file target.txt (compact mmCIF, C-alpha atoms)
# COMPACT_ATOMS: atom_id res chain seq x y z
CA MET G 1 -99.70 -92.95 30.73
CA MET G 2 -97.69 -89.86 29.99
CA ASN G 3 -97.75 -88.83 33.62
CA ARG G 4 -96.45 -92.30 34.66
CA PHE G 5 -93.24 -92.14 32.50
CA MET G 6 -92.20 -88.54 33.20
CA PRO G 7 -90.69 -89.25 36.69
CA THR G 8 -88.62 -92.09 35.22
CA GLN G 9 -87.08 -89.71 32.63
CA LEU G 10 -86.17 -87.23 35.36
CA ASN G 11 -84.45 -89.98 37.39
CA VAL G 12 -82.24 -90.93 34.40
CA LEU G 13 -81.11 -87.32 33.72
CA SER G 14 -80.20 -86.50 37.29
CA PRO G 15 -77.14 -88.84 37.56
CA ILE G 16 -75.82 -87.52 34.22
CA ALA G 17 -76.10 -83.96 35.47
CA ALA G 18 -74.35 -84.93 38.70
CA VAL G 19 -71.43 -86.52 36.84
CA ALA G 20 -71.04 -83.47 34.61
CA LEU G 21 -71.07 -81.24 37.65
CA ALA G 22 -68.44 -83.35 39.37
CA LEU G 23 -66.17 -83.23 36.34
CA GLY G 24 -66.48 -79.49 36.22
CA LEU G 25 -65.53 -79.14 39.85
CA PHE G 26 -62.41 -81.32 39.73
CA SER G 27 -60.91 -80.36 36.32
CA ILE G 28 -57.99 -77.78 36.11
CA PRO G 29 -58.34 -75.26 33.29
CA PRO G 30 -55.24 -74.95 31.04
CA ASN G 31 -54.86 -71.24 31.83
CA MET G 32 -54.42 -72.09 35.53
CA GLU G 33 -51.53 -74.45 34.66
CA ALA G 34 -49.82 -71.71 32.61
CA ALA G 35 -50.25 -69.24 35.46
CA SER G 36 -48.66 -71.71 37.86
CA ALA G 37 -45.65 -72.15 35.54
CA GLN G 38 -45.22 -68.40 35.25
CA GLU G 39 -45.01 -68.04 39.00
CA GLN G 40 -41.75 -70.02 39.10
CA PRO G 41 -38.75 -67.71 39.76
CA SER G 42 -36.61 -66.84 36.73
CA ARG G 43 -33.05 -68.24 36.81
CA ASN G 44 -30.50 -66.51 34.60
CA LEU G 45 -26.77 -66.95 34.12
CA THR G 46 -24.71 -63.94 32.96
CA VAL G 47 -21.48 -64.59 31.08
CA THR G 48 -19.05 -62.35 29.19
CA GLY G 49 -17.00 -63.69 26.29
CA GLN G 50 -13.85 -62.25 24.75
CA GLY G 51 -12.73 -62.40 21.13
CA ILE G 52 -9.39 -61.23 19.70
CA ILE G 53 -8.49 -61.27 16.01
CA SER G 54 -4.99 -60.40 14.79
CA ILE G 55 -4.49 -59.04 11.27
CA PRO G 56 -1.36 -57.73 9.52
CA THR G 57 -1.11 -53.96 9.11
CA THR G 58 -0.64 -52.62 5.62
CA LEU G 59 -1.11 -48.86 6.10
CA THR G 60 0.73 -46.18 8.07
CA GLN G 61 -1.08 -43.23 9.64
CA VAL G 62 1.17 -40.14 9.86
CA ARG G 63 0.87 -36.75 11.56
CA LEU G 64 3.54 -34.26 10.57
CA GLY G 65 3.87 -30.59 9.78
CA VAL G 66 5.78 -27.34 9.77
CA GLU G 67 6.81 -25.25 12.78
CA VAL G 68 8.57 -21.88 12.41
CA GLN G 69 9.80 -19.24 14.86
CA GLY G 70 10.45 -15.59 14.08
CA LYS G 71 10.29 -12.04 15.35
CA THR G 72 6.81 -11.08 14.06
CA ALA G 73 3.55 -12.98 13.76
CA GLN G 74 3.22 -12.04 10.09
CA GLU G 75 6.71 -13.28 9.31
CA VAL G 76 6.27 -16.73 10.88
CA GLN G 77 2.76 -17.14 9.51
CA GLN G 78 3.88 -16.41 5.96
CA GLU G 79 6.79 -18.84 6.25
CA VAL G 80 4.54 -21.58 7.67
CA ALA G 81 2.06 -21.02 4.84
CA ARG G 82 4.80 -21.25 2.23
CA ARG G 83 6.28 -24.47 3.59
CA SER G 84 2.88 -26.01 4.28
CA GLN G 85 1.78 -25.38 0.71
CA ALA G 86 4.88 -27.15 -0.63
CA LEU G 87 4.30 -30.03 1.77
CA VAL G 88 0.64 -30.46 0.81
CA GLU G 89 1.50 -30.39 -2.90
CA LEU G 90 4.04 -33.16 -2.34
CA LEU G 91 1.58 -35.32 -0.39
CA ARG G 92 -1.13 -34.90 -3.02
CA SER G 93 1.31 -35.82 -5.77
CA ARG G 94 2.07 -39.04 -3.89
CA ASN G 95 -1.65 -39.91 -3.71
CA VAL G 96 -1.81 -40.29 0.06
CA GLU G 97 -5.19 -41.14 1.59
CA LYS G 98 -7.34 -39.10 4.00
CA LEU G 99 -5.17 -35.99 3.86
CA GLN G 100 -6.46 -33.31 6.24
CA THR G 101 -5.32 -30.45 8.46
CA THR G 102 -5.35 -31.41 12.13
CA GLY G 103 -3.88 -28.32 13.77
CA ILE G 104 -2.92 -24.69 13.16
CA GLN G 105 -1.27 -22.61 15.88
CA LEU G 106 0.25 -19.18 16.33
CA ASN G 107 1.71 -18.43 19.77
CA PRO G 108 3.85 -15.62 21.23
CA ILE G 109 7.23 -16.47 22.72
CA TYR G 110 7.85 -14.81 26.09
CA ARG G 111 11.02 -13.89 27.95
CA SER G 112 10.75 -13.72 31.72
CA ASN G 113 13.06 -11.99 34.17
CA ALA G 114 12.82 -12.12 37.93
CA ASN G 115 12.16 -8.41 38.38
CA GLU G 116 10.35 -7.66 35.13
CA ALA G 117 7.03 -8.53 33.55
CA PRO G 118 7.18 -11.13 30.74
CA THR G 119 7.86 -9.59 27.35
CA ILE G 120 7.19 -10.98 23.88
CA THR G 121 10.39 -11.74 22.02
CA GLY G 122 8.92 -13.47 18.98
CA TYR G 123 6.29 -15.87 17.68
CA SER G 124 5.95 -19.55 16.90
CA ALA G 125 3.55 -20.90 14.28
CA SER G 126 2.75 -24.43 13.14
CA ASN G 127 0.55 -26.26 10.65
CA ILE G 128 -0.02 -30.02 11.15
CA VAL G 129 -1.57 -32.44 8.66
CA SER G 130 -2.44 -36.12 8.85
CA PHE G 131 -2.66 -38.76 6.14
CA ARG G 132 -2.15 -42.44 5.53
CA LEU G 133 -0.37 -44.48 2.89
CA ALA G 134 0.97 -47.95 2.25
CA THR G 135 3.56 -48.85 4.89
CA ASP G 136 6.16 -49.88 2.33
CA ARG G 137 6.12 -46.29 1.01
CA ALA G 138 6.15 -44.49 4.37
CA GLY G 139 9.91 -44.25 4.94
CA THR G 140 10.61 -42.73 1.53
CA LEU G 141 7.75 -40.24 1.84
CA LEU G 142 8.92 -39.08 5.26
CA ASP G 143 12.31 -38.26 3.75
CA GLU G 144 10.62 -36.35 0.92
CA ALA G 145 8.37 -34.50 3.37
CA VAL G 146 11.39 -33.24 5.32
CA ASN G 147 13.01 -32.07 2.10
CA ALA G 148 9.77 -30.27 1.20
CA GLY G 149 9.77 -28.29 4.47
CA ALA G 150 8.37 -30.51 7.24
CA THR G 151 10.10 -29.85 10.56
CA ARG G 152 8.21 -32.12 12.99
CA ILE G 153 6.61 -35.55 13.11
CA ASP G 154 3.90 -35.82 15.75
CA GLY G 155 2.93 -39.46 15.35
CA VAL G 156 3.14 -42.59 13.25
CA SER G 157 0.81 -45.54 13.78
CA PHE G 158 -0.08 -48.67 11.84
CA THR G 159 -3.46 -49.86 10.66
CA ALA G 160 -5.15 -51.86 7.91
CA ALA G 161 -7.65 -51.12 5.15
CA ASP G 162 -11.17 -50.25 6.31
CA GLU G 163 -12.62 -53.41 4.76
CA ALA G 164 -10.08 -55.64 6.52
CA MET G 165 -10.70 -53.90 9.84
CA GLU G 166 -14.47 -54.36 9.54
CA THR G 167 -14.11 -58.04 8.66
CA ALA G 168 -11.84 -58.54 11.67
CA ARG G 169 -14.30 -56.70 13.90
CA GLN G 170 -17.14 -59.03 12.90
CA GLN G 171 -14.92 -62.07 13.44
CA ALA G 172 -14.00 -60.80 16.90
CA ILE G 173 -17.68 -60.41 17.82
CA ARG G 174 -18.42 -63.96 16.64
CA ALA G 175 -15.48 -65.30 18.65
CA ALA G 176 -16.62 -63.41 21.75
CA THR G 177 -20.16 -64.74 21.39
CA GLN G 178 -18.96 -68.33 21.04
CA ASP G 179 -16.68 -67.87 24.04
CA ALA G 180 -19.64 -66.70 26.14
CA LEU G 181 -21.75 -69.70 25.08
CA THR G 182 -18.91 -72.11 25.86
CA GLN G 183 -18.51 -70.61 29.32
CA ALA G 184 -22.25 -70.91 29.99
CA ASP G 185 -22.40 -74.54 28.85
CA THR G 186 -19.38 -75.43 30.99
CA VAL G 187 -20.90 -73.93 34.14
CA LEU G 188 -24.37 -75.40 33.61
CA SER G 189 -22.99 -78.83 32.73
CA ALA G 190 -20.97 -78.89 35.94
CA LEU G 191 -24.18 -78.20 37.88
CA ASN G 192 -26.29 -80.70 35.88
CA LEU G 193 -28.37 -77.90 34.44
CA THR G 194 -29.43 -77.20 30.86
CA ARG G 195 -29.19 -73.98 28.89
CA ARG G 196 -32.61 -72.83 27.70
CA GLU G 197 -32.71 -69.50 25.86
CA ILE G 198 -30.78 -66.25 25.57
CA VAL G 199 -32.82 -63.45 27.11
CA LYS G 200 -30.37 -60.54 26.66
CA ILE G 201 -27.37 -59.74 24.43
CA GLN G 202 -24.91 -56.88 24.86
CA VAL G 203 -21.95 -56.12 22.60
CA ASN G 204 -19.59 -54.21 24.87
CA SER G 205 -16.79 -53.27 22.47
CA ALA G 206 -15.29 -54.17 19.16
CA SER G 207 -12.63 -51.67 18.21
CA PRO G 208 -8.84 -51.55 17.97
CA SER G 209 -6.59 -49.18 19.84
CA PRO G 210 -3.89 -47.18 18.01
CA GLN G 211 -0.37 -48.56 17.92
CA PRO G 212 2.02 -45.59 17.80
CA MET G 213 5.53 -45.93 16.45
CA TYR G 214 6.60 -42.39 17.39
CA SER G 215 4.84 -40.08 19.85
CA ARG G 216 6.73 -36.84 19.03
CA MET G 217 10.04 -36.13 17.33
CA GLU G 218 11.80 -33.43 15.37
CA ALA G 219 12.35 -34.23 11.72
CA THR G 220 15.80 -33.75 10.23
CA ALA G 221 17.10 -33.84 6.70
CA ASP G 222 18.95 -37.13 7.26
CA PHE G 223 15.85 -39.01 8.47
CA SER G 224 16.23 -42.50 7.06
CA THR G 225 14.68 -44.82 9.67
CA PRO G 226 12.80 -47.67 7.96
CA VAL G 227 9.10 -47.88 8.76
CA ILE G 228 8.01 -51.44 9.53
CA GLY G 229 4.46 -52.34 10.43
CA GLY G 230 3.29 -55.29 12.51
CA ASP G 231 0.09 -57.08 13.40
CA ARG G 232 -2.99 -55.31 14.71
CA GLU G 233 -5.31 -56.83 17.30
CA ILE G 234 -9.05 -56.18 17.16
CA SER G 235 -10.86 -57.19 20.34
CA ALA G 236 -14.55 -57.60 21.14
CA SER G 237 -16.54 -58.35 24.28
CA VAL G 238 -20.06 -59.83 24.35
CA THR G 239 -22.27 -60.35 27.43
CA LEU G 240 -25.16 -62.86 27.40
CA ASP G 241 -27.97 -63.41 29.90
CA ILE G 242 -29.09 -67.06 29.55
CA SER G 243 -32.03 -68.74 31.29
CA TYR G 244 -31.72 -72.29 32.64
call {"tool": "encode", "arguments": {"input": "target.txt", "output": "structure tokens"}}
result
Amino acid sequence: MMNRFMPTQLNVLSPIAAVALALGLFSIPPNMEAASAQEQPSRNLTVTGQGIISIPTTLTQVRLGVEVQGKTAQEVQQEVARRSQALVELLRSRNVEKLQTTGIQLNPIYRSNANEAPTITGYSASNIVSFRLATDRAGTLLDEAVNAGATRIDGVSFTAADEAMETARQQAIRAATQDALTQADTVLSALNLTRREIVKIQVNSASPSPQPMYSRMEATADFSTPVIGGDREISASVTLDISY
């Protein structure tokens, strides 16, 4: 009796095995679907946004110093040192910020004739310092600096406190980023496409440029021009690569 039922059991298992085999042949593994999706070409949109923040200036950056001419190098150097010392003492007493020497020079002065070799007729020496202070104090201090021995003003520019500049820089970057996103959404919406994800970010710049008031002038004892600051613009540029 055992031999009679064994073929029947084999006949029942064979269709089940066939169905399982068929399912295995016609099913698509998940990893094959992912591979197919990855083969689709990447589509990216590149946009650059601009951000500009304007802040009022409160500080004046000044470059001034002493320049002297004389017959000997020792003579002019001693006179420059004397006047420069008096000038530095004045600036320190007025509590200016970021006081530093930016240039020291000693040069011969030549006289040239058509038929003769150039000859030295004297020397010129200079000592230049830079500093910054509140703009509402700048005009008065420039007058005092001339009285203390300053003979030249090489530059005056306007800026703001470091904290205010940094805050404005961050705001400019945020504005530039939002501008880039708005541009991308406008383009994609016009083409009936949808923004997906940001694949690359580049901050191109976020720094102000100097705003000079004077480029170079000779200081005189009757210098009384008022110093008036204005607004300062801090700009930033951000580039985004966005997939869609």
call {"tool": "residues_around", "arguments": {"input": "target.txt", "residues": "range 105-119 of chain G", "least_positions_apart": "5", "cutoff": "12 Å", "atoms": "all atoms listed in the file", "output": "list of chain:residue names"}}
result
G:Gly65, G:Val66, G:Glu67, G:Val68, G:Gln69, G:Gly70, G:Lys71, G:Thr72, G:Ala73, G:Gln74, G:Glu75, G:Val76, G:Gln77, G:Gln78, G:Val80, G:Ala81, G:Ser124, G:Ala125, G:Ser126, G:Asn127, G:Ile128
call {"tool": "residues_around", "arguments": {"input": "target.txt", "residues": "Thr60 in chain G", "least_positions_apart": "4", "cutoff": "7 Å", "atoms": "all atoms listed in the file", "output": "short mmCIF file (atom, residue, chain, number, x, y, z; two decimals) with C-alpha atoms, keeping the file's coordinate frame"}}
result
data_model
loop_
_atom_site.label_atom_id
_atom_site.label_comp_id
_atom_site.auth_asym_id
_atom_site.auth_seq_id
_atom_site.Cartn_x
_atom_site.Cartn_y
_atom_site.Cartn_z
CA ARG G 132 -2.15 -42.44 5.53
CA LEU G 133 -0.37 -44.48 2.89
CA ALA G 134 0.97 -47.95 2.25
CA THR G 135 3.56 -48.85 4.89
CA ALA G 138 6.15 -44.49 4.37
CA VAL G 156 3.14 -42.59 13.25
CA SER G 157 0.81 -45.54 13.78
CA PHE G 158 -0.08 -48.67 11.84
CA THR G 159 -3.46 -49.86 10.66
#
call {"tool": "residues_around", "arguments": {"input": "target.txt", "residues": "Gln171 in chain G", "least_positions_apart": "6", "cutoff": "9 Å", "atoms": "only C-alpha atoms", "output": "PyMOL selection string"}}
result
chain G and resi 51-53+236
call {"tool": "atom_distance", "arguments": {"input": "target.txt", "atom1": "CA of Ser235 in chain G", "atom2": "CA of Asp185 in chain G"}}
result
22.5 Å
call {"tool": "residues_around", "arguments": {"input": "target.txt", "residues": "Val199 in chain G", "least_positions_apart": "6", "cutoff": "7 Å", "atoms": "all atoms listed in the file", "output": "list in words"}}
result
Asp241, Ile242 and Ser243 of chain G
call {"tool": "residues_around", "arguments": {"input": "target.txt", "residues": "Thr182 in chain G", "least_positions_apart": "5", "cutoff": "12 Å", "atoms": "all atoms listed in the file", "output": "count of residues only"}}
result
13
call {"tool": "atom_distance", "arguments": {"input": "target.txt", "atom1": "CA of Arg232 in chain G", "atom2": "CA of Gln170 in chain G"}}
result
14.7 Å
call {"tool": "atom_distance", "arguments": {"input": "target.txt", "atom1": "CA of Leu87 in chain G", "atom2": "CA of Val146 in chain G"}}
result
8.6 Å
call {"tool": "closest_residue", "arguments": {"input": "target.txt", "among": "G:Asn44, G:Gln85, G:Thr101, G:Thr140", "to": "Thr194 in chain G", "atoms": "all atoms listed in the file"}}
result
G:Asn44
call {"tool": "closest_residue", "arguments": {"input": "target.txt", "among": "G:Leu181, G:Ala160, G:Ile234, G:Ala86", "to": "Ala148 in chain G", "atoms": "only C-alpha atoms"}}
result
G:Ala86
call {"tool": "closest_residue", "arguments": {"input": "target.txt", "among": "G:Arg63, G:Arg92, G:Arg137, G:Arg43", "to": "Pro226 in chain G", "atoms": "all atoms listed in the file"}}
result
G:Arg137
call {"tool": "closest_residue", "arguments": {"input": "target.txt", "among": "G:Thr151, G:Ser84, G:Ser130, G:Thr167", "to": "Thr102 in chain G", "atoms": "all atoms listed in the file"}}
result
G:Ser130
call {"tool": "build_atoms", "arguments": {"input": "target.txt", "residues": "range 84-107 of chain G", "atoms": "N, CA, C and O atoms", "output": "compact mmCIF listing (two decimals), in the frame of the given file"}}
result
# COMPACT_ATOMS: atom_id res chain seq x y z
N SER G 84 4.03 -25.10 4.22
CA SER G 84 2.88 -26.01 4.28
C SER G 84 2.32 -26.26 2.89
O SER G 84 1.91 -27.39 2.57
N GLN G 85 2.28 -25.22 2.06
CA GLN G 85 1.78 -25.38 0.71
C GLN G 85 2.64 -26.36 -0.08
O GLN G 85 2.15 -27.24 -0.79
N ALA G 86 3.96 -26.23 0.06
CA ALA G 86 4.88 -27.15 -0.63
C ALA G 86 4.70 -28.57 -0.12
O ALA G 86 4.74 -29.54 -0.89
N LEU G 87 4.49 -28.70 1.18
CA LEU G 87 4.30 -30.03 1.77
C LEU G 87 3.02 -30.68 1.28
O LEU G 87 3.01 -31.85 0.91
N VAL G 88 1.93 -29.92 1.26
CA VAL G 88 0.64 -30.46 0.81
C VAL G 88 0.71 -30.86 -0.66
O VAL G 88 0.17 -31.90 -1.06
N GLU G 89 1.37 -30.05 -1.47
CA GLU G 89 1.50 -30.39 -2.90
C GLU G 89 2.25 -31.70 -3.07
O GLU G 89 1.90 -32.53 -3.92
N LEU G 90 3.29 -31.90 -2.27
CA LEU G 90 4.04 -33.16 -2.34
C LEU G 90 3.15 -34.33 -1.96
O LEU G 90 3.13 -35.36 -2.67
N LEU G 91 2.42 -34.21 -0.86
CA LEU G 91 1.58 -35.32 -0.39
C LEU G 91 0.49 -35.66 -1.41
O LEU G 91 0.19 -36.83 -1.65
N ARG G 92 -0.11 -34.65 -2.00
CA ARG G 92 -1.13 -34.90 -3.02
C ARG G 92 -0.53 -35.58 -4.25
O ARG G 92 -1.17 -36.45 -4.85
N SER G 93 0.68 -35.19 -4.61
CA SER G 93 1.31 -35.82 -5.77
C SER G 93 1.65 -37.28 -5.52
O SER G 93 1.81 -38.05 -6.45
N ARG G 94 1.77 -37.65 -4.25
CA ARG G 94 2.07 -39.04 -3.89
C ARG G 94 0.80 -39.85 -3.60
O ARG G 94 0.86 -41.00 -3.19
N ASN G 95 -0.35 -39.22 -3.83
CA ASN G 95 -1.65 -39.91 -3.71
C ASN G 95 -1.86 -40.55 -2.33
O ASN G 95 -2.32 -41.69 -2.21
N VAL G 96 -1.54 -39.78 -1.28
CA VAL G 96 -1.81 -40.29 0.06
C VAL G 96 -3.32 -40.26 0.31
O VAL G 96 -4.07 -39.53 -0.36
N GLU G 97 -3.76 -41.04 1.27
CA GLU G 97 -5.19 -41.14 1.59
C GLU G 97 -5.53 -40.29 2.81
O GLU G 97 -4.70 -40.10 3.69
N LYS G 98 -6.77 -39.80 2.84
CA LYS G 98 -7.34 -39.10 4.00
C LYS G 98 -6.45 -37.95 4.47
O LYS G 98 -6.20 -37.78 5.67
N LEU G 99 -5.99 -37.15 3.53
CA LEU G 99 -5.17 -35.99 3.86
C LEU G 99 -6.06 -34.89 4.45
O LEU G 99 -7.06 -34.51 3.84
N GLN G 100 -5.69 -34.38 5.62
CA GLN G 100 -6.46 -33.31 6.24
C GLN G 100 -5.60 -32.53 7.24
O GLN G 100 -4.63 -33.05 7.77
N THR G 101 -5.99 -31.28 7.46
CA THR G 101 -5.32 -30.45 8.46
C THR G 101 -5.85 -30.82 9.84
O THR G 101 -7.05 -30.89 10.07
N THR G 102 -4.94 -31.03 10.78
CA THR G 102 -5.35 -31.41 12.13
C THR G 102 -4.99 -30.37 13.18
O THR G 102 -5.41 -30.49 14.33
N GLY G 103 -4.22 -29.35 12.80
CA GLY G 103 -3.88 -28.32 13.77
C GLY G 103 -3.16 -27.14 13.16
O GLY G 103 -2.26 -27.32 12.34
N ILE G 104 -3.59 -25.92 13.56
CA ILE G 104 -2.92 -24.69 13.16
C ILE G 104 -2.75 -23.84 14.42
O ILE G 104 -3.73 -23.60 15.15
N GLN G 105 -1.53 -23.39 14.69
CA GLN G 105 -1.27 -22.61 15.88
C GLN G 105 -0.37 -21.42 15.59
O GLN G 105 0.51 -21.49 14.72
N LEU G 106 -0.61 -20.36 16.35
CA LEU G 106 0.25 -19.18 16.33
C LEU G 106 0.34 -18.69 17.77
O LEU G 106 -0.66 -18.27 18.35
N ASN G 107 1.54 -18.76 18.36
CA ASN G 107 1.71 -18.43 19.77
C ASN G 107 2.87 -17.45 19.96
O ASN G 107 3.90 -17.56 19.29
